[in-house]
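**Student:** I'd like to ask some things about the structure below.
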Amino acid sequence: MDNIGKITFVGAGPGAPDLITVRGLACLKEADVIIYAGSLVDERLLANAPGAVLHNSAKMALEEVMEIMLREFRAGKKVVRLHTGDPAVYGAVSEQYRELDKAGVPYEVVPGVSSVFAAAAALKVELTMPELSQSVIMTRAPGRTPVPPGEALEELAKHGSTLCIFLSVGDMDSLCAKLVKAGRSPETPAAAVYRASWENQRIVRGTLADIAAKVADAGIKRQAMIVVGEVLTRSGELSKLYDRHFTTGFRHHKFSGKVAVFALTRQAVLKASEIASGLADARLFVPEKFAGSAPELRRSCFPEGGFGRCFAENWPRFDAFVMVMAAGIVVRHLSGLCSDKKKDPAVVVCDEQGNYAVSLLSGHVGGGNDLARDVSAVTGGRAVITTASDVEQMPAFDEFARRHRAEIRNPEALTAVASDVVNREKIGLEMPRRLFDACFAGREQFTLLRERTDGRMLVHAPRATLELALPFIVLGIGCRKNVSSSRIAAVVRRVLEELQLDMADVSLIASASVKQNEPGLLDFARENGLECRFFSAEQLNAVPVPNPSAAAMRELGINSVSEASALLGAGEEAVLIRTKLADTDVTVAAAERRSVE
């Protein structure tokens, strides 16, 4: 056949004409013939296909639908079979697929928004909530069409999951009775949404004890979605997805810096796009011919044969590179770009399936090892780390310095010290005790020779002594009266997580003198073994800050508490490394003094 058309099944969505998908709408606009599911589809959608021949299938048998579909397809026409909602849910499409398969006719399917999701949107409810229900059962009561054995409502109700019941509002009394008989409490929340998303949408809420009567009073007899379950109360536990103390594949907070992600093939571009979207600050570099496979939001393109030049030009502009390509290509292009292990950006190589993320360059100082872990968390693959200290699970002092914002004063000693560490020689340390306890306590190889509070840290190894200048970090804290120490701790934790620091990195905390008897603040200082230093209003008002507080001035006569006290506590040459985070009843800022004599 020389003139062959195209058949596409399209989900029209739940009702509102603007809830069809972008792809579905494009199919309508290109259609020569549309066979639509009668009153279940808002006919305003058909205005998007002014030149199409329309067929209402409401009174057609399967044979009639198939006859039109096959005839028009063989005539070279673009045929759209327009179903309500999503074709996959009570769409009666399987028999049509089967007939097309028998005839050897190809077809495509465009999904749509199901009425179950339109109903959930109307109810403003999440169908799955922690501790309430993590499963959704989509079903229907038996009618002229029976349900298979084992799928009776009484059996499904026993699971306790959220129930979304289609095509069953005509006999609510019987339905509710079956659910209660199966063990659901009569007080179980229930709702019915009539014609979800349509202009005449109506919502009825109640419980299994009274929803049937309310639905009858509302005059609802058909075209309603019934939702049953405790999720309607919206009283579930906090989702782990947005819990700051729960790590997900996309909330890993390890590498910090600007990342360039490069790809060469179409498949690599797709994987690179996934990786870039999962990193905090990433730019995507892809060949011009594959630009359409990458999100424009973060995309830059290079021409055919322009990869090497683009890579070299961007080498000094980024803190790290993720290269989704063969390692050999990367190694060859790195020649002539690397200059200093203390300054070179990190390089991670990833295969286009995301199976492995190999830390290739600047694993410690540049953060390549952490970046490899971040990439593998995004792709679900495995980080490949080859640095000896990581393989042996030993501390590396260049990485220690990076993570704790310390300056290495004699980097020429790093190699000898690292060798002694990997070879398990005894290492003596001079440093703050709180930092030793957090990072080295319990490791027999390391001994605290002397507690230091002067900002210096000495690492005494058999072959060399490494000197680090530790930052003096101060948290400025403002709070309302009678705020608990746990509340203060929660806001402090957010600030430290942003800075990728621990409480062990904090030298002291500071606040206004009017807070020197605040129980929660004093408890927080005591619980963390930190000195709390207080400053007068006069001292605080003499410090210029980026975010003065009108409320603090009005209530306390102080221009700034958290930012000014952080700067005063850190002393001369201090800089803010985190402007104030104001969270209802607590404000926290962080300042740092880096100079050490």
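Each chain in the structure tokens gets a letter, A, B and so on, in the order shown; residues start at 1 in every chain, and ligands are counted from 1 in the order they appear.
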List the neighbours of A:Phe440 out to 12 Å using only C-alpha atoms; skip same-chain residues closer than 5 positions along the sequence, and give me the result as a list in words.

**Tutor:** Met394, Pro395, Ala396, Phe397, Phe400, Ile427, Gly428, Leu429, Glu430, Met431, Pro432, Arg433, Arg434, Leu435, Gln445, Phe446, Thr447, Leu448 and Ala504 of chain A

**Student:** For the residues selected in the previous step, produce a file with C-alpha atoms as a PDB file, in the first residue's frame.

**Tutor:**
```
ATOM      1  CA  MET A 394      41.118   6.162  55.984  1.00  0.00           C
ATOM      2  CA  PRO A 395      40.849   9.934  56.512  1.00  0.00           C
ATOM      3  CA  ALA A 396      42.476  12.114  53.845  1.00  0.00           C
ATOM      4  CA  PHE A 397      43.630  15.487  55.109  1.00  0.00           C
ATOM      5  CA  PHE A 400      39.294  17.024  55.572  1.00  0.00           C
ATOM      6  CA  ILE A 427      49.565  10.031  63.540  1.00  0.00           C
ATOM      7  CA  GLY A 428      49.555  12.654  66.299  1.00  0.00           C
ATOM      8  CA  LEU A 429      47.137  15.568  66.107  1.00  0.00           C
ATOM      9  CA  GLU A 430      46.957  19.024  67.626  1.00  0.00           C
ATOM     10  CA  MET A 431      43.471  20.431  67.102  1.00  0.00           C
ATOM     11  CA  PRO A 432      40.224  21.357  68.850  1.00  0.00           C
ATOM     12  CA  ARG A 433      38.948  18.438  70.899  1.00  0.00           C
ATOM     13  CA  ARG A 434      35.396  18.762  69.559  1.00  0.00           C
ATOM     14  CA  LEU A 435      36.716  18.301  66.015  1.00  0.00           C
ATOM     15  CA  GLN A 445      45.994   5.223  64.444  1.00  0.00           C
ATOM     16  CA  PHE A 446      45.218   8.809  65.535  1.00  0.00           C
ATOM     17  CA  THR A 447      46.022  10.403  68.891  1.00  0.00           C
ATOM     18  CA  LEU A 448      45.130  13.847  70.204  1.00  0.00           C
ATOM     19  CA  ALA A 504      32.019  20.389  65.600  1.00  0.00           C
TER      20      ALA A 504
END
```

**Student:** Please report, as CSV, each residue of stretch 87-127 of chain A lying at most 12 Å from stretch 52-69 of chain A, together with the nearest pair of atoms and the separation in Å rounded to one decimal; use only C-alpha atoms, and order rows by chain and ascending residue number.

**Tutor:**
```
residue,atom,partner,partner_atom,distance
A:Ala92,CA,A:Leu62,CA,9.9
A:Val93,CA,A:Leu62,CA,10.0
A:Ser94,CA,A:Leu62,CA,11.2
A:Glu95,CA,A:Leu62,CA,8.1
A:Gln96,CA,A:Met66,CA,7.2
A:Tyr97,CA,A:Met66,CA,10.0
A:Arg98,CA,A:Met66,CA,10.7
A:Glu99,CA,A:Met66,CA,7.7
A:Leu100,CA,A:Met66,CA,8.2
A:Asp101,CA,A:Met66,CA,11.8
A:Lys102,CA,A:Met66,CA,11.8
A:Ala103,CA,A:Met66,CA,10.5
A:Val105,CA,A:Met69,CA,10.3
A:Pro106,CA,A:Met69,CA,11.7
A:Tyr107,CA,A:Met69,CA,10.7
```

**Student:** For C-alpha atoms, I'd like the residues from the last selection saved as a short mmCIF file (atom, residue, chain, number, x, y, z; two decimals), in the first residue's frame.

**Tutor:**
```
data_model
loop_
_atom_site.label_atom_id
_atom_site.label_comp_id
_atom_site.auth_asym_id
_atom_site.auth_seq_id
_atom_site.Cartn_x
_atom_site.Cartn_y
_atom_site.Cartn_z
CA ALA A 92 -12.52 -0.37 26.55
CA VAL A 93 -9.50 -0.13 24.26
CA SER A 94 -8.03 -3.63 24.58
CA GLU A 95 -10.47 -5.11 22.07
CA GLN A 96 -9.62 -2.34 19.60
CA TYR A 97 -5.89 -2.96 20.05
CA ARG A 98 -6.49 -6.66 19.54
CA GLU A 99 -8.34 -6.14 16.25
CA LEU A 100 -5.64 -3.82 14.95
CA ASP A 101 -2.95 -6.31 15.91
CA LYS A 102 -4.81 -9.05 14.03
CA ALA A 103 -4.99 -6.82 10.97
CA VAL A 105 -2.08 -2.27 11.51
CA PRO A 106 0.30 -0.10 13.59
CA TYR A 107 -1.05 2.43 16.09
#
```

**Student:** If you run DSSP on the backbone, which residues of stretch 459-568 of chain A are strand (DSSP E), as a PyMOL selection string?

**Tutor:** chain A and resi 459-460+465-469+472-479+506-512+532-535

**Student:** I'd like the neighbourhood of stretch 275-281 of chain A as an MDAnalysis selection string, where a residue qualifies if any of its atoms comes within 12 Å (using only C-alpha atoms), though same-chain residues fewer than 3 positions away should be ignored.

**Tutor:** chainID A and resid 248:263 268:272 284:286 294:299 318:324 348:354 357 370:381 498

**Student:** Which parts of stretch 190-380 of chain A does DSSP call alpha helix (DSSP H) when run on the backbone here, written out as a PyMOL selection string?

**Tutor:** chain A and resi 211-217+266-278+307-314+327-334+368-379

**Student:** Please produce a file of the residues just selected, as a compact mmCIF listing (two decimals), in the first residue's frame, where the atoms kept are N, CA and C atoms.

**Tutor:**
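The resulting file, again-v1.txt, is reproduced below:
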```
# COMPACT_ATOMS: atom_id res chain seq x y z
N ILE A 211 -22.52 8.99 53.54
CA ILE A 211 -22.24 9.49 52.19
C ILE A 211 -23.33 9.10 51.19
N ALA A 212 -23.94 7.91 51.36
CA ALA A 212 -24.97 7.47 50.42
C ALA A 212 -26.16 8.43 50.44
N ALA A 213 -26.57 8.82 51.64
CA ALA A 213 -27.70 9.74 51.75
C ALA A 213 -27.34 11.11 51.19
N LYS A 214 -26.14 11.57 51.43
CA LYS A 214 -25.72 12.88 50.92
C LYS A 214 -25.65 12.88 49.40
N VAL A 215 -25.19 11.79 48.82
CA VAL A 215 -25.12 11.69 47.36
C VAL A 215 -26.53 11.69 46.77
N ALA A 216 -27.45 10.99 47.43
CA ALA A 216 -28.84 10.97 46.95
C ALA A 216 -29.46 12.35 47.03
N ASP A 217 -29.21 13.05 48.15
CA ASP A 217 -29.75 14.40 48.31
C ASP A 217 -29.21 15.35 47.23
N ARG A 266 23.26 10.81 21.52
CA ARG A 266 21.88 11.09 21.93
C ARG A 266 21.56 10.42 23.27
N GLN A 267 21.93 9.15 23.42
CA GLN A 267 21.65 8.46 24.68
C GLN A 267 22.39 9.10 25.83
N ALA A 268 23.62 9.54 25.56
CA ALA A 268 24.39 10.20 26.61
C ALA A 268 23.75 11.52 27.00
N VAL A 269 23.19 12.23 26.02
CA VAL A 269 22.52 13.51 26.32
C VAL A 269 21.33 13.29 27.25
N LEU A 270 20.57 12.23 27.02
CA LEU A 270 19.44 11.92 27.89
C LEU A 270 19.90 11.65 29.32
N LYS A 271 20.96 10.87 29.46
CA LYS A 271 21.49 10.57 30.79
C LYS A 271 22.11 11.81 31.42
N ALA A 272 22.82 12.61 30.62
CA ALA A 272 23.43 13.84 31.13
C ALA A 272 22.35 14.81 31.63
N SER A 273 21.22 14.87 30.93
CA SER A 273 20.13 15.74 31.36
C SER A 273 19.60 15.29 32.71
N GLU A 274 19.49 13.99 32.90
CA GLU A 274 19.04 13.45 34.18
C GLU A 274 20.02 13.83 35.30
N ILE A 275 21.31 13.68 35.01
CA ILE A 275 22.34 13.99 36.01
C ILE A 275 22.33 15.48 36.34
N ALA A 276 22.29 16.32 35.32
CA ALA A 276 22.33 17.77 35.53
C ALA A 276 21.15 18.24 36.37
N SER A 277 19.98 17.68 36.14
CA SER A 277 18.80 18.11 36.90
C SER A 277 18.87 17.68 38.35
N GLY A 278 19.71 16.69 38.65
CA GLY A 278 19.84 16.20 40.02
C GLY A 278 20.95 16.85 40.81
N PHE A 307 33.61 19.73 20.24
CA PHE A 307 33.65 19.31 21.63
C PHE A 307 34.95 19.72 22.31
N GLY A 308 36.10 19.42 21.69
CA GLY A 308 37.40 19.69 22.31
C GLY A 308 37.59 21.15 22.66
N ARG A 309 37.23 22.01 21.75
CA ARG A 309 37.37 23.45 21.99
C ARG A 309 36.44 23.92 23.10
N CYS A 310 35.20 23.44 23.08
CA CYS A 310 34.22 23.83 24.10
C CYS A 310 34.68 23.37 25.49
N PHE A 311 35.20 22.16 25.56
CA PHE A 311 35.68 21.61 26.83
C PHE A 311 36.83 22.46 27.36
N ALA A 312 37.80 22.76 26.50
CA ALA A 312 38.97 23.53 26.92
C ALA A 312 38.58 24.95 27.35
N GLU A 313 37.67 25.58 26.62
CA GLU A 313 37.26 26.94 26.97
C GLU A 313 36.57 27.00 28.32
N ASN A 314 35.87 25.95 28.67
CA ASN A 314 35.12 25.95 29.92
C ASN A 314 35.92 25.39 31.10
N ALA A 327 35.90 6.92 28.96
CA ALA A 327 36.98 7.51 29.74
C ALA A 327 38.17 7.88 28.86
N GLY A 328 38.41 7.09 27.81
CA GLY A 328 39.54 7.37 26.93
C GLY A 328 39.44 8.73 26.26
N ILE A 329 38.23 9.09 25.84
CA ILE A 329 38.03 10.40 25.22
C ILE A 329 38.40 11.51 26.20
N VAL A 330 37.97 11.35 27.45
CA VAL A 330 38.23 12.36 28.46
C VAL A 330 39.71 12.48 28.75
N VAL A 331 40.38 11.34 28.89
CA VAL A 331 41.82 11.35 29.20
C VAL A 331 42.59 12.07 28.12
N ARG A 332 42.26 11.79 26.86
CA ARG A 332 42.98 12.44 25.76
C ARG A 332 42.78 13.95 25.77
N HIS A 333 41.58 14.41 26.10
CA HIS A 333 41.31 15.84 26.09
C HIS A 333 41.81 16.55 27.34
N LEU A 334 42.12 15.79 28.39
CA LEU A 334 42.66 16.42 29.59
C LEU A 334 44.12 16.81 29.41
N GLY A 368 36.00 15.44 43.72
CA GLY A 368 35.57 14.47 42.71
C GLY A 368 34.95 13.22 43.29
N ASN A 369 35.47 12.76 44.43
CA ASN A 369 34.90 11.55 45.04
C ASN A 369 33.46 11.80 45.50
N ASP A 370 33.24 12.95 46.12
CA ASP A 370 31.89 13.28 46.53
C ASP A 370 30.97 13.46 45.33
N LEU A 371 31.49 14.07 44.28
CA LEU A 371 30.67 14.27 43.08
C LEU A 371 30.31 12.92 42.45
N ALA A 372 31.25 12.00 42.43
CA ALA A 372 30.95 10.67 41.90
C ALA A 372 29.84 10.01 42.70
N ARG A 373 29.87 10.19 44.01
CA ARG A 373 28.80 9.63 44.85
C ARG A 373 27.47 10.31 44.54
N ASP A 374 27.52 11.63 44.32
CA ASP A 374 26.30 12.35 43.99
C ASP A 374 25.71 11.87 42.66
N VAL A 375 26.56 11.71 41.67
CA VAL A 375 26.10 11.27 40.35
C VAL A 375 25.48 9.88 40.44
N SER A 376 26.15 8.99 41.17
CA SER A 376 25.61 7.63 41.29
C SER A 376 24.30 7.62 42.05
N ALA A 377 24.12 8.57 42.99
CA ALA A 377 22.85 8.66 43.71
C ALA A 377 21.73 9.09 42.77
N VAL A 378 22.05 9.93 41.79
CA VAL A 378 21.05 10.36 40.82
C VAL A 378 20.69 9.24 39.86
N THR A 379 21.70 8.53 39.36
CA THR A 379 21.46 7.52 38.33
C THR A 379 21.10 6.15 38.88
```

**Student:** Please list as a list in words every residue within 10 Å of A:Ala120, counting only C-alpha atoms and excluding residues in the same chain fewer than 3 positions away.

**Tutor:**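 My reading of the contact set: Ser115, Val116, Phe117, Leu123, Lys124, Val125, Glu126, Leu127, Cys164, Val193, Ala196, Met225, Val227 and Leu232 of chain A.
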
**Student:** Within 6 Å of A:Val113, counting only C-alpha atoms, which residues qualify if same-chain residues fewer than 4 places away don't, as a short mmCIF file (atom, residue, chain, number, x, y, z; two decimals) with C-alpha atoms, in the first residue's frame?

**Tutor:**
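Result written to selection16.cif:
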```cif
data_model
loop_
_atom_site.label_atom_id
_atom_site.label_comp_id
_atom_site.auth_asym_id
_atom_site.auth_seq_id
_atom_site.Cartn_x
_atom_site.Cartn_y
_atom_site.Cartn_z
CA GLY A 13 -8.61 13.88 29.93
CA GLY A 85 -9.78 10.19 30.77
CA ASP A 86 -6.86 7.86 30.18
#
```

**Student:** Given only C-alpha atoms as the basis, pick out the residue of A:Ser511, A:Ser335, A:Ser485, A:Gln516 nearest to A:Ala590.

**Tutor:**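 Ranked by minimum distance to A:Ala590, first place goes to A:Ser511.
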